[in-house]
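*Asks:* Just protein06.txt, nothing more (compact mmCIF, C-alpha atoms):
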```
# COMPACT_ATOMS: atom_id res chain seq x y z
CA MET A 1 -19.93 -12.22 5.74
CA GLY A 2 -16.17 -11.90 6.08
CA GLU A 3 -13.94 -8.95 5.31
CA VAL A 4 -11.74 -8.82 2.22
CA ILE A 5 -8.39 -7.09 2.78
CA VAL A 6 -5.89 -6.41 0.03
CA ILE A 7 -2.21 -5.98 0.92
CA THR A 8 -0.61 -3.77 -1.70
CA SER A 9 2.24 -1.30 -2.25
CA GLY A 10 2.90 -0.24 -5.82
CA LYS A 11 6.60 -0.94 -5.52
CA GLY A 12 7.77 -4.54 -5.38
CA GLY A 13 9.95 -6.09 -2.72
CA VAL A 14 8.67 -4.07 0.25
CA GLY A 15 7.35 -7.08 2.18
CA LYS A 16 3.75 -7.64 1.07
CA THR A 17 3.98 -11.42 0.97
CA THR A 18 5.71 -11.75 4.35
CA ILE A 19 3.18 -9.40 5.94
CA THR A 20 0.25 -11.27 4.37
CA ALA A 21 1.55 -14.59 5.73
CA ASN A 22 2.20 -13.24 9.22
CA LEU A 23 -1.06 -11.33 9.52
CA GLY A 24 -2.84 -14.51 8.44
CA VAL A 25 -1.16 -16.44 11.24
CA SER A 26 -1.86 -13.69 13.78
CA LEU A 27 -5.53 -13.40 12.83
CA THR A 28 -6.01 -17.15 13.28
CA GLN A 29 -4.30 -16.95 16.67
CA LEU A 30 -7.08 -14.55 17.64
CA GLY A 31 -9.55 -17.24 16.58
CA TYR A 32 -10.56 -15.92 13.17
CA THR A 33 -10.74 -18.20 10.16
CA THR A 34 -8.54 -16.69 7.48
CA CYS A 35 -7.96 -17.48 3.83
CA LEU A 36 -4.94 -16.04 2.04
CA ILE A 37 -5.00 -15.57 -1.71
CA ASP A 38 -1.85 -15.18 -3.73
CA ALA A 39 -2.99 -12.90 -6.55
CA ASP A 40 0.50 -12.66 -8.02
CA ILE A 41 -0.21 -14.96 -10.96
CA GLY A 42 3.03 -16.03 -12.63
CA LEU A 43 5.20 -15.09 -9.63
CA ARG A 44 3.81 -17.36 -6.94
CA ASN A 45 5.49 -17.09 -3.53
CA LEU A 46 3.05 -16.94 -0.65
CA ASP A 47 2.94 -20.76 -0.44
CA LEU A 48 6.73 -20.81 -0.06
CA VAL A 49 6.89 -18.11 2.61
CA LEU A 50 4.12 -19.87 4.49
CA GLY A 51 5.94 -23.19 4.14
CA ILE A 52 3.07 -25.20 2.66
CA GLU A 53 4.26 -25.26 -0.97
CA ASN A 54 4.38 -29.08 -1.08
CA LYS A 55 0.75 -29.39 -0.06
CA VAL A 56 -0.70 -27.23 -2.80
CA LYS A 57 -2.68 -29.33 -5.29
CA TYR A 58 -4.64 -26.76 -7.26
CA ASN A 59 -4.22 -23.05 -7.84
CA LEU A 60 -6.25 -19.97 -8.67
CA MET A 61 -5.98 -20.57 -12.42
CA ASP A 62 -7.31 -24.14 -12.00
CA ILE A 63 -10.45 -22.69 -10.39
CA SER A 64 -10.68 -20.07 -13.11
CA ARG A 65 -10.50 -22.72 -15.85
CA GLY A 66 -13.06 -24.97 -14.19
CA ILE A 67 -10.58 -27.75 -13.40
CA CYS A 68 -11.51 -27.72 -9.72
CA GLU A 69 -13.97 -26.13 -7.32
CA VAL A 70 -12.96 -23.32 -4.97
CA ASP A 71 -13.07 -25.68 -1.97
CA GLU A 72 -10.70 -28.14 -3.63
CA ALA A 73 -8.10 -25.42 -4.25
CA ILE A 74 -7.93 -24.47 -0.59
CA THR A 75 -4.70 -25.67 1.06
CA TYR A 76 -4.88 -25.73 4.85
CA ASP A 77 -1.97 -24.93 7.13
CA SER A 78 -1.98 -27.79 9.63
CA ARG A 79 -0.10 -25.69 12.26
CA SER A 80 -3.12 -23.41 12.62
CA LYS A 81 -5.69 -26.07 13.59
CA LYS A 82 -7.47 -25.63 10.25
CA LEU A 83 -8.08 -21.93 10.74
CA LEU A 84 -5.55 -20.73 8.17
CA CYS A 85 -5.53 -21.66 4.51
CA LEU A 86 -4.22 -20.52 1.16
CA ILE A 87 -5.26 -20.38 -2.44
CA ALA A 88 -2.00 -20.36 -4.33
CA ALA A 89 -1.24 -18.48 -7.52
CA SER A 90 -0.21 -20.30 -10.66
CA GLN A 91 3.46 -20.02 -11.60
CA GLY A 92 2.91 -20.88 -15.27
CA HIS A 93 0.43 -18.20 -16.31
CA PHE A 94 0.20 -14.46 -16.69
CA LYS A 95 -1.91 -12.06 -14.68
CA GLU A 96 -4.15 -11.35 -17.68
CA ASP A 97 -5.13 -15.04 -17.79
CA LEU A 98 -7.34 -14.60 -14.72
CA SER A 99 -10.64 -12.99 -15.67
CA LYS A 100 -12.03 -10.38 -13.32
CA GLU A 101 -15.41 -12.12 -13.27
CA LYS A 102 -13.87 -15.43 -12.17
CA PHE A 103 -11.72 -13.76 -9.54
CA SER A 104 -14.69 -11.85 -8.14
CA GLU A 105 -16.66 -15.10 -7.99
CA VAL A 106 -13.86 -16.81 -6.00
CA ILE A 107 -13.69 -13.89 -3.55
CA ARG A 108 -17.47 -13.89 -3.07
CA LYS A 109 -17.44 -17.58 -2.20
CA LEU A 110 -14.52 -17.23 0.24
CA LYS A 111 -16.11 -14.22 1.90
CA GLU A 112 -19.07 -16.36 2.89
CA LYS A 113 -16.84 -19.01 4.39
CA PHE A 114 -14.10 -17.11 6.27
CA HIS A 115 -13.85 -14.24 8.73
CA TYR A 116 -10.99 -12.70 6.76
CA VAL A 117 -9.81 -13.03 3.18
CA LEU A 118 -6.34 -11.53 2.69
CA ILE A 119 -5.25 -10.86 -0.87
CA ASP A 120 -1.52 -10.58 -1.54
CA SER A 121 -1.52 -8.16 -4.45
CA PRO A 122 1.09 -8.16 -7.20
CA ALA A 123 3.38 -5.12 -7.44
CA GLY A 124 2.61 -2.48 -10.02
CA ILE A 125 -0.64 -0.73 -10.91
CA GLU A 126 -1.62 -2.78 -13.92
CA TYR A 127 -4.20 -5.52 -14.54
CA GLY A 128 -3.14 -7.89 -11.73
CA PHE A 129 -3.19 -5.11 -9.17
CA LYS A 130 -6.52 -3.77 -10.42
CA ASN A 131 -7.98 -7.28 -10.23
CA SER A 132 -6.75 -7.76 -6.67
CA ILE A 133 -8.27 -4.52 -5.34
CA ARG A 134 -11.62 -4.86 -7.07
CA ASN A 135 -13.41 -6.70 -4.28
CA ALA A 136 -11.57 -5.30 -1.29
CA ASP A 137 -13.33 -3.85 1.75
CA ARG A 138 -10.04 -2.58 3.09
CA ALA A 139 -6.53 -1.98 1.79
CA LEU A 140 -3.28 -2.16 3.71
CA ILE A 141 -0.52 -0.15 2.06
CA VAL A 142 2.98 -1.44 2.78
CA VAL A 143 5.84 1.08 2.52
CA ASN A 144 9.53 1.03 3.32
CA PRO A 145 11.01 4.28 4.61
CA GLU A 146 12.62 5.24 1.32
CA VAL A 147 11.68 7.65 -1.45
CA SER A 148 10.62 5.34 -4.29
CA SER A 149 8.42 3.19 -2.08
CA ILE A 150 6.61 6.22 -0.64
CA ARG A 151 6.09 7.91 -3.99
CA ASP A 152 4.65 4.70 -5.47
CA ALA A 153 2.43 4.22 -2.42
CA ASP A 154 0.98 7.69 -2.96
CA ARG A 155 0.02 6.74 -6.49
CA VAL A 156 -1.59 3.50 -5.29
CA ILE A 157 -3.55 5.32 -2.59
CA GLY A 158 -4.89 7.68 -5.28
CA ILE A 159 -6.10 4.70 -7.34
CA LEU A 160 -7.67 3.02 -4.31
CA GLU A 161 -9.51 6.23 -3.43
CA SER A 162 -10.81 6.57 -6.97
CA GLU A 163 -12.00 2.95 -6.75
CA LYS A 164 -14.01 4.01 -3.67
CA ILE A 165 -12.16 1.81 -1.19
CA LYS A 166 -12.93 3.63 2.02
CA LYS A 167 -10.65 1.96 4.53
CA ILE A 168 -7.01 2.48 3.54
CA GLN A 169 -4.36 1.98 6.22
CA LEU A 170 -0.59 2.16 6.33
CA ILE A 171 2.06 -0.33 7.43
CA ILE A 172 5.61 1.02 7.57
CA ASN A 173 7.86 -2.00 7.11
CA ARG A 174 11.60 -2.61 7.35
CA VAL A 175 12.36 0.33 9.63
CA ASN A 176 16.06 0.32 10.42
CA LEU A 177 16.24 1.69 13.94
CA ASP A 178 19.90 2.75 13.73
CA LEU A 179 19.18 4.80 10.63
CA LEU A 180 16.00 6.16 12.17
CA LYS A 181 17.94 7.23 15.21
CA SER A 182 20.64 8.96 13.17
CA ARG A 183 17.89 10.50 11.03
CA GLU A 184 19.23 9.02 7.83
CA ILE A 185 15.82 7.65 6.86
CA ILE A 186 12.56 9.52 6.46
CA SER A 187 10.90 9.93 9.84
CA LEU A 188 7.70 8.01 10.50
CA GLU A 189 5.96 11.34 11.10
CA ASP A 190 6.99 12.61 7.68
CA ILE A 191 5.81 9.41 5.98
CA GLN A 192 2.45 9.75 7.65
CA GLU A 193 2.19 13.43 6.78
CA ILE A 194 3.01 12.76 3.12
CA LEU A 195 0.70 9.79 2.60
CA ASP A 196 -2.01 11.06 4.96
CA ILE A 197 -3.72 7.74 5.74
CA PRO A 198 -4.10 6.11 9.18
CA LEU A 199 -1.10 4.13 10.42
CA ILE A 200 -1.90 0.57 11.54
CA GLY A 201 1.61 -0.77 12.18
CA VAL A 202 5.36 -0.18 12.24
CA ILE A 203 7.62 -3.18 11.65
CA GLN A 204 11.35 -2.98 12.25
CA GLU A 205 13.95 -4.46 9.94
CA ASP A 206 14.95 -7.82 11.39
CA LYS A 207 17.08 -10.68 10.13
CA SER A 208 14.66 -13.20 11.62
CA ILE A 209 12.25 -12.39 8.74
CA ILE A 210 14.72 -13.86 6.24
CA ILE A 211 15.60 -16.77 8.50
CA SER A 212 11.94 -17.64 8.98
CA SER A 213 11.14 -17.55 5.28
CA ASN A 214 14.14 -19.80 4.60
CA SER A 215 12.42 -22.52 6.58
CA GLY A 216 8.82 -21.60 5.80
CA LYS A 217 7.86 -20.73 9.36
CA PRO A 218 6.37 -17.25 9.61
CA VAL A 219 7.71 -15.34 12.65
CA SER A 220 4.15 -15.05 13.97
CA TYR A 221 4.32 -18.75 14.86
CA GLN A 222 7.11 -17.95 17.34
CA LYS A 223 6.03 -17.21 20.86
CA GLU A 224 6.52 -13.79 22.43
CA THR A 225 9.11 -12.40 20.09
CA MET A 226 9.17 -8.73 19.23
CA LEU A 227 7.99 -9.35 15.68
CA SER A 228 5.23 -11.78 16.56
CA SER A 229 3.81 -9.30 19.04
CA ILE A 230 3.92 -6.54 16.41
CA PHE A 231 1.95 -8.70 13.96
CA SER A 232 -0.42 -9.68 16.73
CA SER A 233 -1.10 -6.01 17.52
CA ILE A 234 -1.77 -5.25 13.86
CA ALA A 235 -4.17 -8.21 13.68
CA LYS A 236 -5.97 -6.92 16.76
CA ARG A 237 -6.30 -3.47 15.20
CA ILE A 238 -7.70 -5.09 12.04
CA SER A 239 -10.28 -6.93 14.13
CA GLY A 240 -11.41 -3.64 15.63
CA GLU A 241 -9.46 -3.34 18.88
CA THR A 242 -8.31 0.16 19.68
CA ILE A 243 -4.60 -0.05 20.29
CA PRO A 244 -3.14 3.36 19.51
CA VAL A 245 -0.13 3.58 17.22
CA GLN A 246 1.94 6.54 18.27
CA MET A 247 4.86 7.99 16.43
CA ILE A 248 8.39 7.51 17.66
CA ASN A 249 10.38 10.47 18.91
CA THR A 250 14.01 10.25 17.91
CA GLY A 251 17.04 11.71 19.59
CA LYS A 252 16.26 10.66 23.13
CA THR A 253 18.51 8.60 25.36
CA GLU A 254 15.94 5.87 25.83
CA SER A 255 16.40 2.81 23.65
CA LEU A 256 14.42 3.39 20.51
CA TRP A 257 12.91 0.00 20.32
CA ASN A 258 11.66 0.26 23.89
CA LYS A 259 10.06 3.45 22.82
CA VAL A 260 8.43 1.75 19.85
CA LYS A 261 7.24 -1.01 22.13
CA LYS A 262 5.86 1.49 24.56
CA THR A 263 4.11 3.61 21.99
CA LEU A 264 2.65 0.59 20.27
CA LYS A 265 1.71 -0.80 23.68
CA ILE A 266 3.08 -4.24 22.94
CA MET B 1 20.52 18.68 6.96
CA LYS B 2 20.25 14.96 7.63
CA THR B 3 19.32 12.89 4.58
CA GLY B 4 16.07 11.70 6.19
CA LYS B 5 14.74 15.26 6.19
CA LYS B 6 16.08 15.87 2.71
CA ALA B 7 14.21 12.80 1.45
CA ALA B 8 10.99 13.99 3.08
CA ASP B 9 11.28 17.46 1.52
CA ARG B 10 11.99 16.05 -1.93
CA LEU B 11 9.04 13.69 -1.62
CA LYS B 12 6.64 16.42 -0.54
CA ASN B 13 7.55 18.44 -3.63
CA ILE B 14 7.41 15.66 -6.17
CA ILE B 15 4.25 14.08 -4.79
CA SER B 16 2.32 17.33 -5.01
CA GLU B 17 3.39 17.46 -8.65
CA ASP B 18 2.48 13.77 -9.15
CA ARG B 19 -1.00 14.46 -7.82
CA SER B 20 -1.53 17.35 -10.20
CA VAL B 21 -3.49 16.86 -13.42
CA LEU B 22 -0.81 18.66 -15.46
CA SER B 23 2.93 18.21 -15.59
CA VAL B 24 5.14 21.25 -14.99
CA GLY B 25 6.10 21.29 -18.66
CA SER B 26 2.57 21.14 -20.06
CA PHE B 27 1.49 23.80 -17.58
CA ARG B 28 4.16 26.14 -18.97
CA VAL B 29 3.01 25.45 -22.52
CA LEU B 30 -0.60 26.12 -21.50
CA LYS B 31 0.40 29.44 -19.99
CA LYS B 32 2.32 30.44 -23.10
CA GLU B 33 -0.50 29.48 -25.46
CA ILE B 34 -3.11 31.34 -23.43
CA GLY B 35 -0.86 34.43 -23.69
CA ASN B 36 -0.46 33.96 -27.43
CA ILE B 37 -4.18 33.59 -28.10
CA LEU B 38 -5.19 36.54 -25.93
CA SER B 39 -2.55 38.81 -27.44
CA LYS B 40 -4.25 38.44 -30.83
CA TYR B 41 -7.17 40.37 -29.42
CA LEU B 42 -5.83 42.36 -26.48
CA ASP B 43 -2.59 44.09 -25.55
CA ILE B 44 -1.65 41.57 -22.87
CA ASP B 45 1.47 41.87 -20.71
CA LYS B 46 2.62 38.28 -21.20
CA ARG B 47 5.26 38.46 -18.47
CA LYS B 48 2.65 39.29 -15.85
CA ILE B 49 0.26 36.46 -16.64
CA LYS B 50 -0.52 34.40 -13.56
CA ILE B 51 -2.25 31.06 -13.89
CA GLN B 52 -3.17 28.90 -10.94
CA LEU B 53 -4.39 25.34 -10.87
CA GLU B 54 -5.89 24.46 -7.53
CA GLN B 55 -7.47 21.31 -6.25
CA THR B 56 -10.89 21.95 -4.76
CA GLU B 57 -12.52 19.92 -1.98
CA ASN B 58 -14.35 17.32 -4.07
CA GLU B 59 -11.28 16.08 -5.98
CA SER B 60 -11.89 18.44 -8.88
CA TYR B 61 -9.64 21.25 -10.07
CA ASN B 62 -10.11 24.95 -10.61
CA LEU B 63 -8.08 26.94 -13.11
CA SER B 64 -7.88 30.66 -12.46
CA ALA B 65 -5.89 33.35 -14.22
CA ASP B 66 -4.79 36.96 -13.84
CA LEU B 67 -4.31 38.47 -17.28
CA PRO B 68 -3.21 42.08 -16.96
CA ILE B 69 -3.91 44.26 -19.99
CA LYS B 70 -1.37 46.97 -20.73
CA PRO B 71 -2.54 50.56 -20.32
CA SER B 72 -3.76 51.94 -23.59
CA ASN B 73 -1.04 53.83 -25.50
CA LYS B 74 -3.36 55.14 -28.20
CA LYS B 75 -2.70 58.77 -28.98
CA GLU B 76 -5.60 61.13 -28.26
```
Now that the file is in, can you turn its structure into structure tokens?

*Replies:*
Amino acid sequence: MGEVIVITSGKGGVGKTTITANLGVSLTQLGYTTCLIDADIGLRNLDLVLGIENKVKYNLMDISRGICEVDEAITYDSRSKKLLCLIAASQGHFKEDLSKEKFSEVIRKLKEKFHYVLIDSPAGIEYGFKNSIRNADRALIVVNPEVSSIRDADRVIGILESEKIKKIQLIINRVNLDLLKSREIISLEDIQEILDIPLIGVIQEDKSIIISSNSGKPVSYQKETMLSSIFSSIAKRISGETIPVQMINTGKTESLWNKVKKTLKI
Amino acid sequence: MKTGKKAADRLKNIISEDRSVLSVGSFRVLKKEIGNILSKYLDIDKRKIKIQLEQTENESYNLSADLPIKPSNKKE
């Protein structure tokens, strides 16, 4: 039986889709079969970020309406030696069109087949979000170091806790190291204190994220870059390896990123 | 103060309010109405009413109140 992980945030635009794609790639590089599900019905993007949009034949709504079987709607990423695949969202429907029973049924089937099922949740806390967290064994909360993202994340964590999701972990994304150094963004320590859930990864702001999504090649496919090793470490922590994530101390002479690297033991 | 710290302080305040079951405004109204009801029956010092809403361990809330009654001014 595989593990179902929902990637969610409350606020939109914080990097859920990019993180889902890259963690998928990193998990398969560790040898785990991984299926990504784009639960953002009506605003489909995971296929595009992953770069396999032209291969998608069926989507989640086609399964829901009985047009195809779950297996037929799986699009494999040929770069991953058949370990990584995607079930795309439909662009022409609304979130409410996907019944919770049908969605649960799809997840149950995928859970039997794959080591990991990663659900890219829609933003917000309404029906689509509720649907995407319903079957999750674990939730990864993505925040940016800014006030609205953190406040919304707190609300989402409250909902996840009331839905009895036990494993809730934090990814701090888009950390601008210059601003962190000059203390013009909320410190990672403060974010952790406020949200009070275990930290599983810190990802720095990097232009290569945009460049890679332009061409549909997730940064995790690159070898030995800073970002690919960060995603790899997060994937290892997901799979149960103990790699401590320590907080960064600011204001020292040492290069901050070296410090991040050191504390994350990359 | 650097803006990073300012942001953290503002967030800590607003999030503790977000997590509460009552908004600041409705809490004030509650306090006022409790004072009004009690003063029908007792000589309550409305300015000294203290009401606390605290979250207990198991995600539930406890409402407690100090309601000081004015010393009796009845003539012997």

*Asks:* For Lys12 (chain B), find every residue with an atom within 12 Å (counting all atoms listed in the file), except residues of its own chain fewer than 3 positions away, and show them as a list in words.

*Replies:* Val147, Ile150, Arg151, Asp154, Ile186, Asp190, Ile191, Gln192, Glu193, Ile194, Leu195 and Asp196 of chain A; Lys5, Lys6, Ala7, Ala8, Asp9, Ile15, Ser16, Glu17, Asp18 and Arg19 of chain B

*Asks:* Please compute the CA of Ser90 (chain A)-CA of Ser213 (chain A) distance, one decimal, in Å.

*Replies:*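 Taking CA of Ser90 (chain A) as the start and CA of Ser213 (chain A) as the end point, the length is 19.8 Å.
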
*Asks:* Centre and edge lengths, as AutoDock Vina command-line options, for the axis-aligned box enclosing every listed atom of region 51-68 of chain B with 4 Å of padding on each of the six sides, in Å to one decimal?

*Replies:*
```
--center_x -8.3 --center_y 29.1 --center_z -9.6 --size_x 20.1 --size_y 34.0 --size_z 23.3
```

*Asks:* Measuring atom to atom with only C-alpha atoms, identify which of A:Ser162, A:Gln169, A:Asn214, A:Ser233 is nearest to chain B.

*Replies:*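 Answer, going by the shortest atom-to-atom distance: A:Ser162.
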
*Asks:* Would you pick out the contacts of Glu54 (chain B) at 10 Å or less, using all atoms listed in the file, so that residues sharing its chain but fewer than 5 positions from it are not included, and give the list as a PyMOL selection string?

*Replies:* chain B and resi 20-21+60-64

*Asks:* For C-alpha atoms, I'd like the residues from the last selection saved as a PDB file, in the coordinates of the input.

*Replies:*
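Output saved as again12.pdb:
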```pdb
ATOM      1  CA  SER B  20      -1.530  17.350 -10.200  1.00  0.00           C
ATOM      2  CA  VAL B  21      -3.490  16.860 -13.420  1.00  0.00           C
ATOM      3  CA  SER B  60     -11.890  18.440  -8.880  1.00  0.00           C
ATOM      4  CA  TYR B  61      -9.640  21.250 -10.070  1.00  0.00           C
ATOM      5  CA  ASN B  62     -10.110  24.950 -10.610  1.00  0.00           C
ATOM      6  CA  LEU B  63      -8.080  26.940 -13.110  1.00  0.00           C
ATOM      7  CA  SER B  64      -7.880  30.660 -12.460  1.00  0.00           C
TER       8      SER B  64
END
```

*Asks:* Please determine the contact residues of chain A with respect to chain B at a cut-off of 6 Å, counting only C-alpha atoms, and supply them as a PyMOL selection string.

*Replies:* chain A and resi 183-186

*Asks:* The selected residues should be written to file as a CSV table (one decimal), in the coordinates of the input (atoms: C-alpha atoms).

*Replies:*
```csv
chain,number,residue,atom,x,y,z
A,183,ARG,CA,17.9,10.5,11.0
A,184,GLU,CA,19.2,9.0,7.8
A,185,ILE,CA,15.8,7.6,6.9
A,186,ILE,CA,12.6,9.5,6.5
```

*Asks:* Applying 9 Å and all atoms listed in the file, which residues near Val219 (chain A) remain after dropping the ones on its own chain fewer than 4 positions away? List them as a PyMOL selection string.

*Replies:* chain A and resi 22+208-209+212-213+223+225+227-228+231

*Asks:* Got a sec: who's within 12 Å of Ile19 (chain A), counting all atoms listed in the file, leaving out chain neighbours fewer than 3 positions off, as number ranges by chain?

*Replies:* A: 6-9, 13-16, 22-27, 36, 46, 49-50, 118-121, 140-143, 171-174, 201-203, 209, 213, 218-220, 227-228, 230-232, 234-235

*Asks:* Between CA of Leu199 (chain A) and CA of Lys181 (chain A), what is the spacing in Å?

*Replies:* 19.9 Å

*Asks:* Could you work out how far CA of Gly42 (chain A) lies from CA of Ala139 (chain A), giving the answer in Å with one decimal?

*Replies:*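 Between CA of Ala139 (chain A) and CA of Gly42 (chain A) the gap works out to 22.3 Å.
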
*Asks:* Taking the point (-1.7, -25.4, 17.3) as given in the file, collect each protein or nucleic acid residue that comes within 12 Å of it, counting only C-alpha atoms, and present the set as a list in words.

*Replies:* Val25, Thr28, Gln29, Gly31, Asp77, Ser78, Arg79, Ser80, Lys81, Lys82, Leu83, Leu84, Tyr221, Gln222 and Lys223 of chain A

*Asks:* Those residues you just picked out, can you put them in a file as a PDB file, in the frame of the given file with C-alpha atoms?

*Replies:*
```
ATOM      1  CA  VAL A  25      -1.160 -16.440  11.240  1.00  0.00           C
ATOM      2  CA  THR A  28      -6.010 -17.150  13.280  1.00  0.00           C
ATOM      3  CA  GLN A  29      -4.300 -16.950  16.670  1.00  0.00           C
ATOM      4  CA  GLY A  31      -9.550 -17.240  16.580  1.00  0.00           C
ATOM      5  CA  ASP A  77      -1.970 -24.930   7.130  1.00  0.00           C
ATOM      6  CA  SER A  78      -1.980 -27.790   9.630  1.00  0.00           C
ATOM      7  CA  ARG A  79      -0.100 -25.690  12.260  1.00  0.00           C
ATOM      8  CA  SER A  80      -3.120 -23.410  12.620  1.00  0.00           C
ATOM      9  CA  LYS A  81      -5.690 -26.070  13.590  1.00  0.00           C
ATOM     10  CA  LYS A  82      -7.470 -25.630  10.250  1.00  0.00           C
ATOM     11  CA  LEU A  83      -8.080 -21.930  10.740  1.00  0.00           C
ATOM     12  CA  LEU A  84      -5.550 -20.730   8.170  1.00  0.00           C
ATOM     13  CA  TYR A 221       4.320 -18.750  14.860  1.00  0.00           C
ATOM     14  CA  GLN A 222       7.110 -17.950  17.340  1.00  0.00           C
ATOM     15  CA  LYS A 223       6.030 -17.210  20.860  1.00  0.00           C
TER      16      LYS A 223
END
```

*Asks:* Atoms are missing here; could region 220-235 of chain A be completed with N, CA and C atoms and written as a PDB file, in the frame of the given file?

*Replies:*
```pdb
ATOM      1  N   SER A 220       5.325 -15.112  13.090  1.00  0.00           N
ATOM      2  CA  SER A 220       4.150 -15.050  13.970  1.00  0.00           C
ATOM      3  C   SER A 220       3.877 -16.376  14.678  1.00  0.00           C
ATOM      4  N   TYR A 221       4.470 -17.461  14.170  1.00  0.00           N
ATOM      5  CA  TYR A 221       4.320 -18.750  14.860  1.00  0.00           C
ATOM      6  C   TYR A 221       5.237 -18.849  16.083  1.00  0.00           C
ATOM      7  N   GLN A 222       6.244 -17.956  16.164  1.00  0.00           N
ATOM      8  CA  GLN A 222       7.110 -17.950  17.340  1.00  0.00           C
ATOM      9  C   GLN A 222       6.381 -17.310  18.505  1.00  0.00           C
ATOM     10  N   LYS A 223       6.744 -17.760  19.702  1.00  0.00           N
ATOM     11  CA  LYS A 223       6.030 -17.210  20.860  1.00  0.00           C
ATOM     12  C   LYS A 223       6.778 -16.025  21.454  1.00  0.00           C
ATOM     13  N   GLU A 224       6.032 -14.961  21.694  1.00  0.00           N
ATOM     14  CA  GLU A 224       6.520 -13.790  22.430  1.00  0.00           C
ATOM     15  C   GLU A 224       7.821 -13.191  21.920  1.00  0.00           C
ATOM     16  N   THR A 225       7.978 -13.165  20.620  1.00  0.00           N
ATOM     17  CA  THR A 225       9.110 -12.400  20.090  1.00  0.00           C
ATOM     18  C   THR A 225       8.578 -11.010  19.759  1.00  0.00           C
ATOM     19  N   MET A 226       9.541 -10.106  19.544  1.00  0.00           N
ATOM     20  CA  MET A 226       9.170  -8.730  19.230  1.00  0.00           C
ATOM     21  C   MET A 226       8.294  -8.676  17.987  1.00  0.00           C
ATOM     22  N   LEU A 227       8.733  -9.413  16.929  1.00  0.00           N
ATOM     23  CA  LEU A 227       7.990  -9.350  15.680  1.00  0.00           C
ATOM     24  C   LEU A 227       6.619  -9.992  15.783  1.00  0.00           C
ATOM     25  N   SER A 228       6.543 -11.134  16.480  1.00  0.00           N
ATOM     26  CA  SER A 228       5.230 -11.780  16.560  1.00  0.00           C
ATOM     27  C   SER A 228       4.245 -10.916  17.329  1.00  0.00           C
ATOM     28  N   SER A 229       4.749 -10.166  18.320  1.00  0.00           N
ATOM     29  CA  SER A 229       3.810  -9.300  19.040  1.00  0.00           C
ATOM     30  C   SER A 229       3.405  -8.079  18.211  1.00  0.00           C
ATOM     31  N   ILE A 230       4.304  -7.645  17.318  1.00  0.00           N
ATOM     32  CA  ILE A 230       3.920  -6.540  16.410  1.00  0.00           C
ATOM     33  C   ILE A 230       2.798  -7.004  15.474  1.00  0.00           C
ATOM     34  N   PHE A 231       2.984  -8.196  14.869  1.00  0.00           N
ATOM     35  CA  PHE A 231       1.950  -8.700  13.960  1.00  0.00           C
ATOM     36  C   PHE A 231       0.641  -8.964  14.705  1.00  0.00           C
ATOM     37  N   SER A 232       0.774  -9.438  15.933  1.00  0.00           N
ATOM     38  CA  SER A 232      -0.420  -9.680  16.730  1.00  0.00           C
ATOM     39  C   SER A 232      -1.183  -8.381  16.991  1.00  0.00           C
ATOM     40  N   SER A 233      -0.444  -7.312  17.287  1.00  0.00           N
ATOM     41  CA  SER A 233      -1.100  -6.010  17.520  1.00  0.00           C
ATOM     42  C   SER A 233      -1.793  -5.507  16.253  1.00  0.00           C
ATOM     43  N   ILE A 234      -1.134  -5.694  15.108  1.00  0.00           N
ATOM     44  CA  ILE A 234      -1.770  -5.250  13.860  1.00  0.00           C
ATOM     45  C   ILE A 234      -3.052  -6.055  13.615  1.00  0.00           C
ATOM     46  N   ALA A 235      -2.977  -7.367  13.859  1.00  0.00           N
ATOM     47  CA  ALA A 235      -4.170  -8.210  13.680  1.00  0.00           C
ATOM     48  C   ALA A 235      -5.297  -7.758  14.599  1.00  0.00           C
TER      49      ALA A 235
END
```
